Every structure is written in C-alpha cells, then in structure tokens.
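**Q** What follows is data32.pdb; its format and atoms are PDB, C-alpha atoms and all ligand atoms.
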```pdb
ATOM      1  CA  MET A 291    -116.904 104.573  38.540  1.00  0.00           C
ATOM      2  CA  LEU A 292    -116.408 100.888  39.237  1.00  0.00           C
ATOM      3  CA  GLU A 293    -118.985  99.429  41.613  1.00  0.00           C
ATOM      4  CA  THR A 294    -117.424  97.299  44.363  1.00  0.00           C
ATOM      5  CA  ILE A 295    -119.405  94.158  44.970  1.00  0.00           C
ATOM      6  CA  MET A 296    -119.435  91.943  48.017  1.00  0.00           C
ATOM      7  CA  ASN A 297    -117.624  88.625  48.049  1.00  0.00           C
ATOM      8  CA  ILE A 298    -119.662  85.798  49.482  1.00  0.00           C
ATOM      9  CA  ALA A 299    -118.723  82.248  50.432  1.00  0.00           C
ATOM     10  CA  VAL A 300    -121.073  79.273  50.412  1.00  0.00           C
ATOM     11  CA  LEU A 301    -120.384  76.332  52.742  1.00  0.00           C
ATOM     12  CA  CYS A 302    -121.905  72.972  51.807  1.00  0.00           C
ATOM     13  CA  SER A 303    -121.673  69.297  52.709  1.00  0.00           C
ATOM     14  CA  GLY A 304    -124.022  67.707  50.213  1.00  0.00           C
ATOM     15  CA  SER A 305    -125.805  68.006  46.932  1.00  0.00           C
ATOM     16  CA  GLY A 306    -125.809  71.791  46.839  1.00  0.00           C
ATOM     17  CA  THR A 307    -129.203  72.555  45.328  1.00  0.00           C
ATOM     18  CA  ASN A 308    -129.336  75.739  47.407  1.00  0.00           C
ATOM     19  CA  LEU A 309    -125.841  76.611  46.234  1.00  0.00           C
ATOM     20  CA  GLN A 310    -127.106  76.140  42.673  1.00  0.00           C
ATOM     21  CA  ALA A 311    -130.051  78.474  43.307  1.00  0.00           C
ATOM     22  CA  ILE A 312    -127.628  81.113  44.596  1.00  0.00           C
ATOM     23  CA  ILE A 313    -125.247  80.591  41.656  1.00  0.00           C
ATOM     24  CA  ASP A 314    -128.189  81.019  39.254  1.00  0.00           C
ATOM     25  CA  ALA A 315    -129.328  84.164  41.075  1.00  0.00           C
ATOM     26  CA  VAL A 316    -125.838  85.659  40.846  1.00  0.00           C
ATOM     27  CA  GLU A 317    -125.525  84.746  37.163  1.00  0.00           C
ATOM     28  CA  SER A 318    -128.901  86.312  36.352  1.00  0.00           C
ATOM     29  CA  GLY A 319    -127.934  89.517  38.189  1.00  0.00           C
ATOM     30  CA  TYR A 320    -130.640  89.086  40.860  1.00  0.00           C
ATOM     31  CA  ILE A 321    -127.902  88.968  43.520  1.00  0.00           C
ATOM     32  CA  LYS A 322    -125.218  91.558  42.904  1.00  0.00           C
ATOM     33  CA  ALA A 323    -122.313  89.785  44.581  1.00  0.00           C
ATOM     34  CA  LYS A 324    -119.502  87.427  43.690  1.00  0.00           C
ATOM     35  CA  ILE A 325    -119.365  83.871  45.018  1.00  0.00           C
ATOM     36  CA  ALA A 326    -115.648  83.950  45.711  1.00  0.00           C
ATOM     37  CA  LEU A 327    -115.392  80.570  47.420  1.00  0.00           C
ATOM     38  CA  VAL A 328    -117.312  77.347  48.014  1.00  0.00           C
ATOM     39  CA  VAL A 329    -116.115  75.412  51.068  1.00  0.00           C
ATOM     40  CA  SER A 330    -116.945  71.811  51.896  1.00  0.00           C
ATOM     41  CA  ASP A 331    -116.144  69.401  54.710  1.00  0.00           C
ATOM     42  CA  SER A 332    -116.863  66.509  52.353  1.00  0.00           C
ATOM     43  CA  LYS A 333    -114.561  65.680  49.474  1.00  0.00           C
ATOM     44  CA  THR A 334    -117.372  64.012  47.534  1.00  0.00           C
ATOM     45  CA  ALA A 335    -120.020  66.718  47.995  1.00  0.00           C
ATOM     46  CA  TYR A 336    -121.757  67.270  44.666  1.00  0.00           C
ATOM     47  CA  ALA A 337    -121.838  70.962  45.597  1.00  0.00           C
ATOM     48  CA  LEU A 338    -118.122  71.086  44.728  1.00  0.00           C
ATOM     49  CA  GLU A 339    -118.900  69.890  41.186  1.00  0.00           C
ATOM     50  CA  ARG A 340    -121.600  72.528  40.820  1.00  0.00           C
ATOM     51  CA  ALA A 341    -119.127  75.212  41.908  1.00  0.00           C
ATOM     52  CA  LYS A 342    -116.432  74.001  39.509  1.00  0.00           C
ATOM     53  CA  THR A 343    -118.919  73.942  36.633  1.00  0.00           C
ATOM     54  CA  ALA A 344    -119.751  77.576  37.421  1.00  0.00           C
ATOM     55  CA  GLY A 345    -116.042  78.474  37.533  1.00  0.00           C
ATOM     56  CA  ILE A 346    -116.049  79.147  41.284  1.00  0.00           C
ATOM     57  CA  GLU A 347    -113.026  78.426  43.446  1.00  0.00           C
ATOM     58  CA  THR A 348    -113.550  75.475  45.780  1.00  0.00           C
ATOM     59  CA  LEU A 349    -111.916  74.405  48.997  1.00  0.00           C
ATOM     60  CA  TYR A 350    -112.230  71.063  50.745  1.00  0.00           C
ATOM     61  CA  ILE A 351    -111.158  71.183  54.387  1.00  0.00           C
ATOM     62  CA  ASP A 352    -110.783  67.719  55.897  1.00  0.00           C
ATOM     63  CA  PRO A 353    -112.300  67.651  59.413  1.00  0.00           C
ATOM     64  CA  LYS A 354    -110.093  64.699  60.360  1.00  0.00           C
ATOM     65  CA  LYS A 355    -107.033  66.939  60.247  1.00  0.00           C
ATOM     66  CA  TYR A 356    -108.245  69.191  63.076  1.00  0.00           C
ATOM     67  CA  LYS A 357    -108.409  68.295  66.760  1.00  0.00           C
ATOM     68  CA  THR A 358    -111.264  70.574  67.764  1.00  0.00           C
ATOM     69  CA  ARG A 359    -114.208  72.252  66.090  1.00  0.00           C
ATOM     70  CA  GLU A 360    -112.590  75.596  66.819  1.00  0.00           C
ATOM     71  CA  ASP A 361    -109.342  74.577  65.090  1.00  0.00           C
ATOM     72  CA  TYR A 362    -111.387  73.594  62.052  1.00  0.00           C
ATOM     73  CA  ASP A 363    -113.328  76.832  62.096  1.00  0.00           C
ATOM     74  CA  LYS A 364    -110.096  78.830  62.408  1.00  0.00           C
ATOM     75  CA  GLU A 365    -109.006  77.336  59.102  1.00  0.00           C
ATOM     76  CA  ILE A 366    -112.328  78.305  57.504  1.00  0.00           C
ATOM     77  CA  VAL A 367    -112.127  81.846  58.884  1.00  0.00           C
ATOM     78  CA  ARG A 368    -108.526  82.213  57.684  1.00  0.00           C
ATOM     79  CA  ASN A 369    -109.651  81.325  54.161  1.00  0.00           C
ATOM     80  CA  LEU A 370    -112.727  83.551  54.259  1.00  0.00           C
ATOM     81  CA  LYS A 371    -110.662  86.506  55.434  1.00  0.00           C
ATOM     82  CA  ALA A 372    -108.082  85.909  52.713  1.00  0.00           C
ATOM     83  CA  LYS A 373    -110.889  86.346  50.205  1.00  0.00           C
ATOM     84  CA  ASP A 374    -112.442  89.338  51.963  1.00  0.00           C
ATOM     85  CA  ILE A 375    -115.738  87.509  52.422  1.00  0.00           C
ATOM     86  CA  GLY A 376    -118.588  89.756  53.584  1.00  0.00           C
ATOM     87  CA  LEU A 377    -121.187  87.013  53.996  1.00  0.00           C
ATOM     88  CA  ALA A 378    -120.869  83.300  54.756  1.00  0.00           C
ATOM     89  CA  VAL A 379    -123.854  81.287  53.539  1.00  0.00           C
ATOM     90  CA  LEU A 380    -124.362  77.868  55.124  1.00  0.00           C
ATOM     91  CA  ALA A 381    -126.221  75.712  52.629  1.00  0.00           C
ATOM     92  CA  GLY A 382    -126.532  72.185  53.951  1.00  0.00           C
ATOM     93  CA  PHE A 383    -123.234  72.512  55.861  1.00  0.00           C
ATOM     94  CA  MET A 384    -123.572  69.707  58.390  1.00  0.00           C
ATOM     95  CA  ARG A 385    -121.432  71.164  61.152  1.00  0.00           C
ATOM     96  CA  LEU A 386    -122.300  73.244  64.170  1.00  0.00           C
ATOM     97  CA  MET A 387    -120.256  76.440  64.001  1.00  0.00           C
ATOM     98  CA  SER A 388    -118.015  77.182  67.001  1.00  0.00           C
ATOM     99  CA  ALA A 389    -118.367  80.292  69.157  1.00  0.00           C
ATOM    100  CA  TYR A 390    -115.093  81.435  67.548  1.00  0.00           C
ATOM    101  CA  PHE A 391    -116.556  81.348  64.042  1.00  0.00           C
ATOM    102  CA  VAL A 392    -119.780  83.029  65.126  1.00  0.00           C
ATOM    103  CA  ALA A 393    -117.865  85.812  66.896  1.00  0.00           C
ATOM    104  CA  GLU A 394    -115.644  86.411  63.859  1.00  0.00           C
ATOM    105  CA  TYR A 395    -118.622  86.549  61.484  1.00  0.00           C
ATOM    106  CA  LYS A 396    -121.302  87.917  63.823  1.00  0.00           C
ATOM    107  CA  GLY A 397    -124.290  89.092  61.802  1.00  0.00           C
ATOM    108  CA  ARG A 398    -122.573  87.954  58.608  1.00  0.00           C
ATOM    109  CA  VAL A 399    -123.399  84.245  58.517  1.00  0.00           C
ATOM    110  CA  MET A 400    -126.750  82.760  57.575  1.00  0.00           C
ATOM    111  CA  ASN A 401    -128.212  79.288  57.428  1.00  0.00           C
ATOM    112  CA  ILE A 402    -131.268  77.581  55.969  1.00  0.00           C
ATOM    113  CA  HIS A 403    -133.302  75.054  57.927  1.00  0.00           C
ATOM    114  CA  PRO A 404    -136.088  72.926  56.387  1.00  0.00           C
ATOM    115  CA  ALA A 405    -138.686  73.641  59.110  1.00  0.00           C
ATOM    116  CA  LEU A 406    -140.428  76.671  60.547  1.00  0.00           C
ATOM    117  CA  LEU A 407    -138.136  77.567  63.453  1.00  0.00           C
ATOM    118  CA  PRO A 408    -138.255  77.468  66.395  1.00  0.00           C
ATOM    119  CA  SER A 409    -140.065  74.182  65.725  1.00  0.00           C
ATOM    120  CA  PHE A 410    -138.233  71.028  64.675  1.00  0.00           C
ATOM    121  CA  LYS A 411    -134.606  72.032  65.087  1.00  0.00           C
ATOM    122  CA  GLY A 412    -131.846  69.579  64.215  1.00  0.00           C
ATOM    123  CA  THR A 413    -131.071  67.306  61.320  1.00  0.00           C
ATOM    124  CA  ARG A 414    -134.519  65.638  61.101  1.00  0.00           C
ATOM    125  CA  GLY A 415    -136.596  68.791  60.698  1.00  0.00           C
ATOM    126  CA  VAL A 416    -138.726  67.509  57.809  1.00  0.00           C
ATOM    127  CA  ARG A 417    -139.401  64.062  59.268  1.00  0.00           C
ATOM    128  CA  ASP A 418    -140.085  65.426  62.760  1.00  0.00           C
ATOM    129  CA  ALA A 419    -142.648  67.917  61.408  1.00  0.00           C
ATOM    130  CA  LEU A 420    -144.355  65.196  59.374  1.00  0.00           C
ATOM    131  CA  GLU A 421    -144.442  62.756  62.299  1.00  0.00           C
ATOM    132  CA  TYR A 422    -145.726  65.440  64.658  1.00  0.00           C
ATOM    133  CA  GLY A 423    -148.655  65.980  62.329  1.00  0.00           C
ATOM    134  CA  VAL A 424    -148.328  69.687  61.608  1.00  0.00           C
ATOM    135  CA  LYS A 425    -150.447  71.009  58.746  1.00  0.00           C
ATOM    136  CA  ILE A 426    -148.019  73.769  57.777  1.00  0.00           C
ATOM    137  CA  THR A 427    -144.231  73.587  57.700  1.00  0.00           C
ATOM    138  CA  GLY A 428    -141.564  75.168  55.499  1.00  0.00           C
ATOM    139  CA  PRO A 429    -138.028  76.537  55.398  1.00  0.00           C
ATOM    140  CA  THR A 430    -136.439  79.225  57.555  1.00  0.00           C
ATOM    141  CA  VAL A 431    -133.444  81.399  56.681  1.00  0.00           C
ATOM    142  CA  HIS A 432    -131.795  82.773  59.803  1.00  0.00           C
ATOM    143  CA  PHE A 433    -128.644  84.399  61.044  1.00  0.00           C
ATOM    144  CA  VAL A 434    -126.373  81.981  62.849  1.00  0.00           C
ATOM    145  CA  ASP A 435    -125.428  82.202  66.502  1.00  0.00           C
ATOM    146  CA  ASP A 436    -123.613  79.666  68.637  1.00  0.00           C
ATOM    147  CA  LYS A 437    -126.729  77.574  69.348  1.00  0.00           C
ATOM    148  CA  LEU A 438    -128.228  75.091  66.912  1.00  0.00           C
ATOM    149  CA  ASP A 439    -130.820  76.570  64.505  1.00  0.00           C
ATOM    150  CA  ASN A 440    -131.333  79.492  66.853  1.00  0.00           C
ATOM    151  CA  GLY A 441    -130.310  82.909  65.461  1.00  0.00           C
ATOM    152  CA  PRO A 442    -132.624  85.758  64.347  1.00  0.00           C
ATOM    153  CA  ILE A 443    -135.054  84.753  61.603  1.00  0.00           C
ATOM    154  CA  ILE A 444    -134.720  86.482  58.224  1.00  0.00           C
ATOM    155  CA  LEU A 445    -137.324  84.794  55.998  1.00  0.00           C
ATOM    156  CA  GLN A 446    -139.741  81.884  56.235  1.00  0.00           C
ATOM    157  CA  SER A 447    -142.062  80.278  53.729  1.00  0.00           C
ATOM    158  CA  ALA A 448    -145.157  78.186  54.436  1.00  0.00           C
ATOM    159  CA  VAL A 449    -145.579  74.758  52.838  1.00  0.00           C
ATOM    160  CA  GLU A 450    -148.809  72.836  53.309  1.00  0.00           C
ATOM    161  CA  VAL A 451    -148.529  69.234  54.515  1.00  0.00           C
ATOM    162  CA  LYS A 452    -150.797  66.887  52.556  1.00  0.00           C
ATOM    163  CA  ASP A 453    -152.644  63.994  54.172  1.00  0.00           C
ATOM    164  CA  ASP A 454    -150.782  61.437  52.067  1.00  0.00           C
ATOM    165  CA  ASP A 455    -147.385  63.166  52.156  1.00  0.00           C
ATOM    166  CA  THR A 456    -144.184  61.185  52.331  1.00  0.00           C
ATOM    167  CA  GLU A 457    -141.007  62.700  53.720  1.00  0.00           C
ATOM    168  CA  GLU A 458    -139.551  62.713  50.216  1.00  0.00           C
ATOM    169  CA  ALA A 459    -142.508  64.503  48.617  1.00  0.00           C
ATOM    170  CA  LEU A 460    -142.654  67.069  51.409  1.00  0.00           C
ATOM    171  CA  LEU A 461    -138.904  67.666  51.266  1.00  0.00           C
ATOM    172  CA  ASP A 462    -139.193  68.233  47.545  1.00  0.00           C
ATOM    173  CA  ARG A 463    -141.790  70.998  48.016  1.00  0.00           C
ATOM    174  CA  ILE A 464    -139.766  72.522  50.878  1.00  0.00           C
ATOM    175  CA  HIS A 465    -136.700  72.582  48.619  1.00  0.00           C
ATOM    176  CA  GLN A 466    -138.649  74.477  45.971  1.00  0.00           C
ATOM    177  CA  GLU A 467    -139.376  77.175  48.564  1.00  0.00           C
ATOM    178  CA  GLU A 468    -135.798  77.139  49.856  1.00  0.00           C
ATOM    179  CA  HIS A 469    -134.571  77.888  46.364  1.00  0.00           C
ATOM    180  CA  LYS A 470    -136.707  81.057  46.366  1.00  0.00           C
ATOM    181  CA  ILE A 471    -136.120  82.418  49.859  1.00  0.00           C
ATOM    182  CA  TYR A 472    -132.386  81.712  50.183  1.00  0.00           C
ATOM    183  CA  PRO A 473    -131.392  83.784  47.138  1.00  0.00           C
ATOM    184  CA  GLU A 474    -133.824  86.464  48.322  1.00  0.00           C
ATOM    185  CA  ALA A 475    -132.234  86.612  51.790  1.00  0.00           C
ATOM    186  CA  VAL A 476    -128.729  86.789  50.286  1.00  0.00           C
ATOM    187  CA  LYS A 477    -129.857  89.563  47.940  1.00  0.00           C
ATOM    188  CA  LEU A 478    -131.336  91.565  50.846  1.00  0.00           C
ATOM    189  CA  PHE A 479    -128.122  91.150  52.838  1.00  0.00           C
ATOM    190  CA  VAL A 480    -125.765  92.231  50.064  1.00  0.00           C
ATOM    191  CA  GLU A 481    -127.975  95.243  49.411  1.00  0.00           C
ATOM    192  CA  GLY A 482    -127.625  96.183  53.102  1.00  0.00           C
ATOM    193  CA  ARG A 483    -131.355  95.902  53.648  1.00  0.00           C
ATOM    194  CA  LEU A 484    -131.457  93.584  56.694  1.00  0.00           C
ATOM    195  CA  LYS A 485    -131.595  95.276  60.072  1.00  0.00           C
ATOM    196  CA  ILE A 486    -131.109  93.097  63.170  1.00  0.00           C
ATOM    197  CA  GLU A 487    -132.561  94.323  66.462  1.00  0.00           C
ATOM    198  CA  GLY A 488    -132.372  91.662  69.148  1.00  0.00           C
ATOM    199  CA  ARG A 489    -134.146  88.638  67.717  1.00  0.00           C
ATOM    200  CA  ARG A 490    -136.032  90.658  65.125  1.00  0.00           C
ATOM    201  CA  VAL A 491    -134.821  91.203  61.579  1.00  0.00           C
ATOM    202  CA  SER A 492    -136.547  93.821  59.489  1.00  0.00           C
ATOM    203  CA  VAL A 493    -136.206  94.508  55.792  1.00  0.00           C
ATOM    204  CA  THR A 494    -135.624  98.089  54.760  1.00  0.00           C
ATOM    205  CA  SER A 495    -136.722  99.360  51.370  1.00  0.00           C
ATOM    206  CA  ASN A 496    -134.256 100.217  48.614  1.00  0.00           C
TER     207      ASN A 496
HETATM  208  C1  LIG B   1    -131.579  71.869  52.858  1.00  0.00           C
HETATM  209  O1  LIG B   1    -132.786  71.168  52.912  1.00  0.00           O
HETATM  210  C2  LIG B   1    -131.426  72.772  54.035  1.00  0.00           C
HETATM  211  O2  LIG B   1    -132.641  73.173  54.582  1.00  0.00           O
HETATM  212  C3  LIG B   1    -130.662  71.927  55.014  1.00  0.00           C
HETATM  213  O3  LIG B   1    -129.817  71.129  54.239  1.00  0.00           O
HETATM  214  C4  LIG B   1    -130.378  70.945  52.958  1.00  0.00           C
HETATM  215  C5  LIG B   1    -129.329  71.233  51.937  1.00  0.00           C
HETATM  216  O4  LIG B   1    -129.709  70.825  50.673  1.00  0.00           O
HETATM  217  N1  LIG B   1    -129.952  72.775  55.949  1.00  0.00           N
HETATM  218  P1  LIG B   1    -128.820  71.180  49.412  1.00  0.00           P
HETATM  219  O5  LIG B   1    -127.431  70.587  49.651  1.00  0.00           O
HETATM  220  O6  LIG B   1    -128.779  72.674  49.275  1.00  0.00           O
HETATM  221  O7  LIG B   1    -129.501  70.512  48.268  1.00  0.00           O
END
```
Translate this structure into structure tokens?
**A**
Amino acid sequence: MLETIMNIAVLCSGSGTNLQAIIDAVESGYIKAKIALVVSDSKTAYALERAKTAGIETLYIDPKKYKTREDYDKEIVRNLKAKDIGLAVLAGFMRLMSAYFVAEYKGRVMNIHPALLPSFKGTRGVRDALEYGVKITGPTVHFVDDKLDNGPIILQSAVEVKDDDTEEALLDRIHQEEHKIYPEAVKLFVEGRLKIEGRRVSVTSN
C-alpha cells in the first residue's frame, strides 16, 4: 500500500539556513514529508535559490501588492490550501502573521526564534540576550499564535554565552542548534507526536 505523506510549506525571507536543514532532513529520510512549496516575501531571498537547487516549487508574493496584512496572508493561505499543506514552517519569515492566517492554520504553523522564549522576543533576540548579560540563551521552536513569538513552546536548546562573545559568534552557535531542533520539531509534528494542551506541548512516543 502506498504511504501518504504530509505536504509541508516553508516560509522564508532571508538566507534560508533553516530551510536547508529541513531540506537535508527530508532528503535523508529523517523527516518523512514532502516540502511542496517554499514561499518568500523577498524576491532576492537566498532561500529561494536553495529551494530551486533542491527541485522545490517556489513562490514569491510581493507584499507591496496587498493593502493589508490579512490580504497578503489570504494569498498565502490560498496557495497553501491549493497544495494541501499540513504544516507551515516559518523559517526566518520576517512578517507577523495575521489572526486570519493563524485561525486557518491553528496548531499547524511553527516558528523558530533565536532566544529562549519568553525572554528576548522580537527581531533582536540574540543582541538583546547578549546585552542583557545572560549566561545561557538558545533557540526556541514554537507554535504560532496571533501574538509575536508567543505560542506554545515545542523545543528549546541551551547555548552558553562566553565572556568574550560577539553577536556574530553567538548567532553562529545558536544557528547550529537551530539546525538540529527545527528538523526535529518538524519530524515530531509530521509523525503526529506533538500534543498541545493549553500552553504545554508534550511529545508522545512512537
Ligand atoms: C533564524 O536565526 C531564526 O531564529 C530567525 O530567523 C533566522 C533565520 O535564519 N527567526 P535562516 O534564514 O534560516 O538562515
């Protein structure tokens, strides 16, 4: 019997190193899903090149063509539905998702943030943690709700801050952890092993 596998979409705005980690995990068979679409709000995002190299369909949606965030998100949702997407993975997608998008994909959209939430939300998570003087930071994978960096936490990984760290060096070590925990979270989701109860997400065994 043919096994049906989940279609996933990855949404990116930038270099796409997390996308690459997910592509590699799919190609190696670690994640049993198909990346059916990579969406970007930036025409020049290197993530689009990575997707094309891997033979994945890409879609650039120009934010300037839409009046509101909801109009933009409606276009994304229309495309995700057309491809029967079961999970939307935000990987450096630099837009806040509208309540419309979150309602349409409730419990089926995840994001990665480069700090240990709920600390250091927003776009400067690495710098803010460094400037605050924390000794431990690291990435968080979480489900997305309609507030910034707020939904239930799926996985986190601790990264030690060194006395002589620069933002660049710290970001580099955080990225290395991101590239482990994001594929892991996607794998757990496609295997139906993530259970959300309120704010708490538990992992069920195989
Ligand atoms: C990551 O550091 C992630 O935590 C943040 O955006 C960055 C994306 O990097 N949300 P990349 O495009 O996957 O290299």
**Q** Compile the contact shell of stretch 362-364 of chain A as a PDB file with C-alpha atoms, in the frame of the given file: residues with an atom at most 12 Å away, counting all atoms listed in the file, same-chain residues fewer than 2 positions apart removed.
**A**
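Dumped to result_25.pdb:
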```pdb
ATOM      1  CA  LEU A 301    -120.384  76.332  52.742  1.00  0.00           C
ATOM      2  CA  VAL A 329    -116.115  75.412  51.068  1.00  0.00           C
ATOM      3  CA  SER A 330    -116.945  71.811  51.896  1.00  0.00           C
ATOM      4  CA  ASP A 331    -116.144  69.401  54.710  1.00  0.00           C
ATOM      5  CA  TYR A 350    -112.230  71.063  50.745  1.00  0.00           C
ATOM      6  CA  ILE A 351    -111.158  71.183  54.387  1.00  0.00           C
ATOM      7  CA  ASP A 352    -110.783  67.719  55.897  1.00  0.00           C
ATOM      8  CA  PRO A 353    -112.300  67.651  59.413  1.00  0.00           C
ATOM      9  CA  LYS A 354    -110.093  64.699  60.360  1.00  0.00           C
ATOM     10  CA  LYS A 355    -107.033  66.939  60.247  1.00  0.00           C
ATOM     11  CA  TYR A 356    -108.245  69.191  63.076  1.00  0.00           C
ATOM     12  CA  LYS A 357    -108.409  68.295  66.760  1.00  0.00           C
ATOM     13  CA  THR A 358    -111.264  70.574  67.764  1.00  0.00           C
ATOM     14  CA  ARG A 359    -114.208  72.252  66.090  1.00  0.00           C
ATOM     15  CA  GLU A 360    -112.590  75.596  66.819  1.00  0.00           C
ATOM     16  CA  ILE A 366    -112.328  78.305  57.504  1.00  0.00           C
ATOM     17  CA  VAL A 367    -112.127  81.846  58.884  1.00  0.00           C
ATOM     18  CA  ARG A 368    -108.526  82.213  57.684  1.00  0.00           C
ATOM     19  CA  ASN A 369    -109.651  81.325  54.161  1.00  0.00           C
ATOM     20  CA  LEU A 370    -112.727  83.551  54.259  1.00  0.00           C
ATOM     21  CA  LYS A 371    -110.662  86.506  55.434  1.00  0.00           C
ATOM     22  CA  ARG A 385    -121.432  71.164  61.152  1.00  0.00           C
ATOM     23  CA  LEU A 386    -122.300  73.244  64.170  1.00  0.00           C
ATOM     24  CA  MET A 387    -120.256  76.440  64.001  1.00  0.00           C
ATOM     25  CA  SER A 388    -118.015  77.182  67.001  1.00  0.00           C
ATOM     26  CA  ALA A 389    -118.367  80.292  69.157  1.00  0.00           C
ATOM     27  CA  TYR A 390    -115.093  81.435  67.548  1.00  0.00           C
ATOM     28  CA  PHE A 391    -116.556  81.348  64.042  1.00  0.00           C
ATOM     29  CA  VAL A 392    -119.780  83.029  65.126  1.00  0.00           C
ATOM     30  CA  ALA A 393    -117.865  85.812  66.896  1.00  0.00           C
ATOM     31  CA  GLU A 394    -115.644  86.411  63.859  1.00  0.00           C
ATOM     32  CA  TYR A 395    -118.622  86.549  61.484  1.00  0.00           C
TER      33      TYR A 395
END
```
**Q** Quick one: everything within 12 Å of A:Val424, counting all atoms listed in the file, minus sequence neighbours fewer than 2 positions away in the same chain. Send it as a ChimeraX atom specification.
**A** /A:405-406,409-410,415-422,426-428,448-453,455,460
**Q** I need the residue set behind the PyMOL selection byres (((not hetatm)) within 9 of (chain B and resi 1)) for this file; please write it as an NGL selection string.
**A** :A and (302-311 or 335-337 or 380-384 or 401-405 or 413 or 415-416 or 429-431 or 461-462 or 464-465 or 468-469)
**Q** In Å to one decimal, how far is atom CA of A:Ile321 from atom CA of A:Val476?
**A**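 So the answer is 7.2 Å.
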**Q** So, counting only C-alpha atoms, which residue among A:Lys322, A:Lys425, A:Lys477, A:Arg483 is closest to A:Asp454?
**A**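 Comparing A:Lys322, A:Lys425, A:Lys477, A:Arg483 against A:Asp454, the winner is A:Lys425.
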**Q** Applying the PyMOL selection byres (((chain A and resi 435-441) around 6) and not hetatm) to the file I just gave you, which residues come out? Please list them as a PyMOL selection string.
**A** chain A and resi 389+392+411+432-434+442
**Q** Residues picked by the PyMOL selection byres (((chain A and resi 295) around 9) and not hetatm) here, as a PyMOL selection string?
**A** chain A and resi 293-294+296-297+322-324+480
**Q** Go ahead and write the residues just picked, C-alpha atoms, as a compact mmCIF listing (two decimals), in the frame of the given file.
**A**
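Output saved as again_15.txt:
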```txt
# COMPACT_ATOMS: atom_id res chain seq x y z
CA GLU A 293 -118.98 99.43 41.61
CA THR A 294 -117.42 97.30 44.36
CA MET A 296 -119.44 91.94 48.02
CA ASN A 297 -117.62 88.62 48.05
CA LYS A 322 -125.22 91.56 42.90
CA ALA A 323 -122.31 89.78 44.58
CA LYS A 324 -119.50 87.43 43.69
CA VAL A 480 -125.76 92.23 50.06
```
**Q** Extract, using all atoms listed in the file, all DNA, RNA and protein residues at most 6 Å from A:Val379, discarding same-chain residues fewer than 4 positions from it, and format them as a PDB file with C-alpha atoms, in the frame of the given file.
**A**
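Everything below was put into out_9.pdb:
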```pdb
ATOM      1  CA  VAL A 300    -121.073  79.273  50.412  1.00  0.00           C
ATOM      2  CA  VAL A 399    -123.399  84.245  58.517  1.00  0.00           C
ATOM      3  CA  MET A 400    -126.750  82.760  57.575  1.00  0.00           C
TER       4      MET A 400
END
```
**Q** Quote the spacing between atom CA of A:Asn496 and atom CA of A:Leu478 in Å to one decimal place.
**A**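 Taking atom CA of A:Asn496 as the start and atom CA of A:Leu478 as the end point, the length is 9.4 Å.
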**Q** Find the residue from A:Ile443, A:Val316, A:Ala475, A:Leu407 that sits nearest to A:Glu487; use all atoms listed in the file when measuring.
**A**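 Answer, going by the shortest atom-to-atom distance: A:Ile443.
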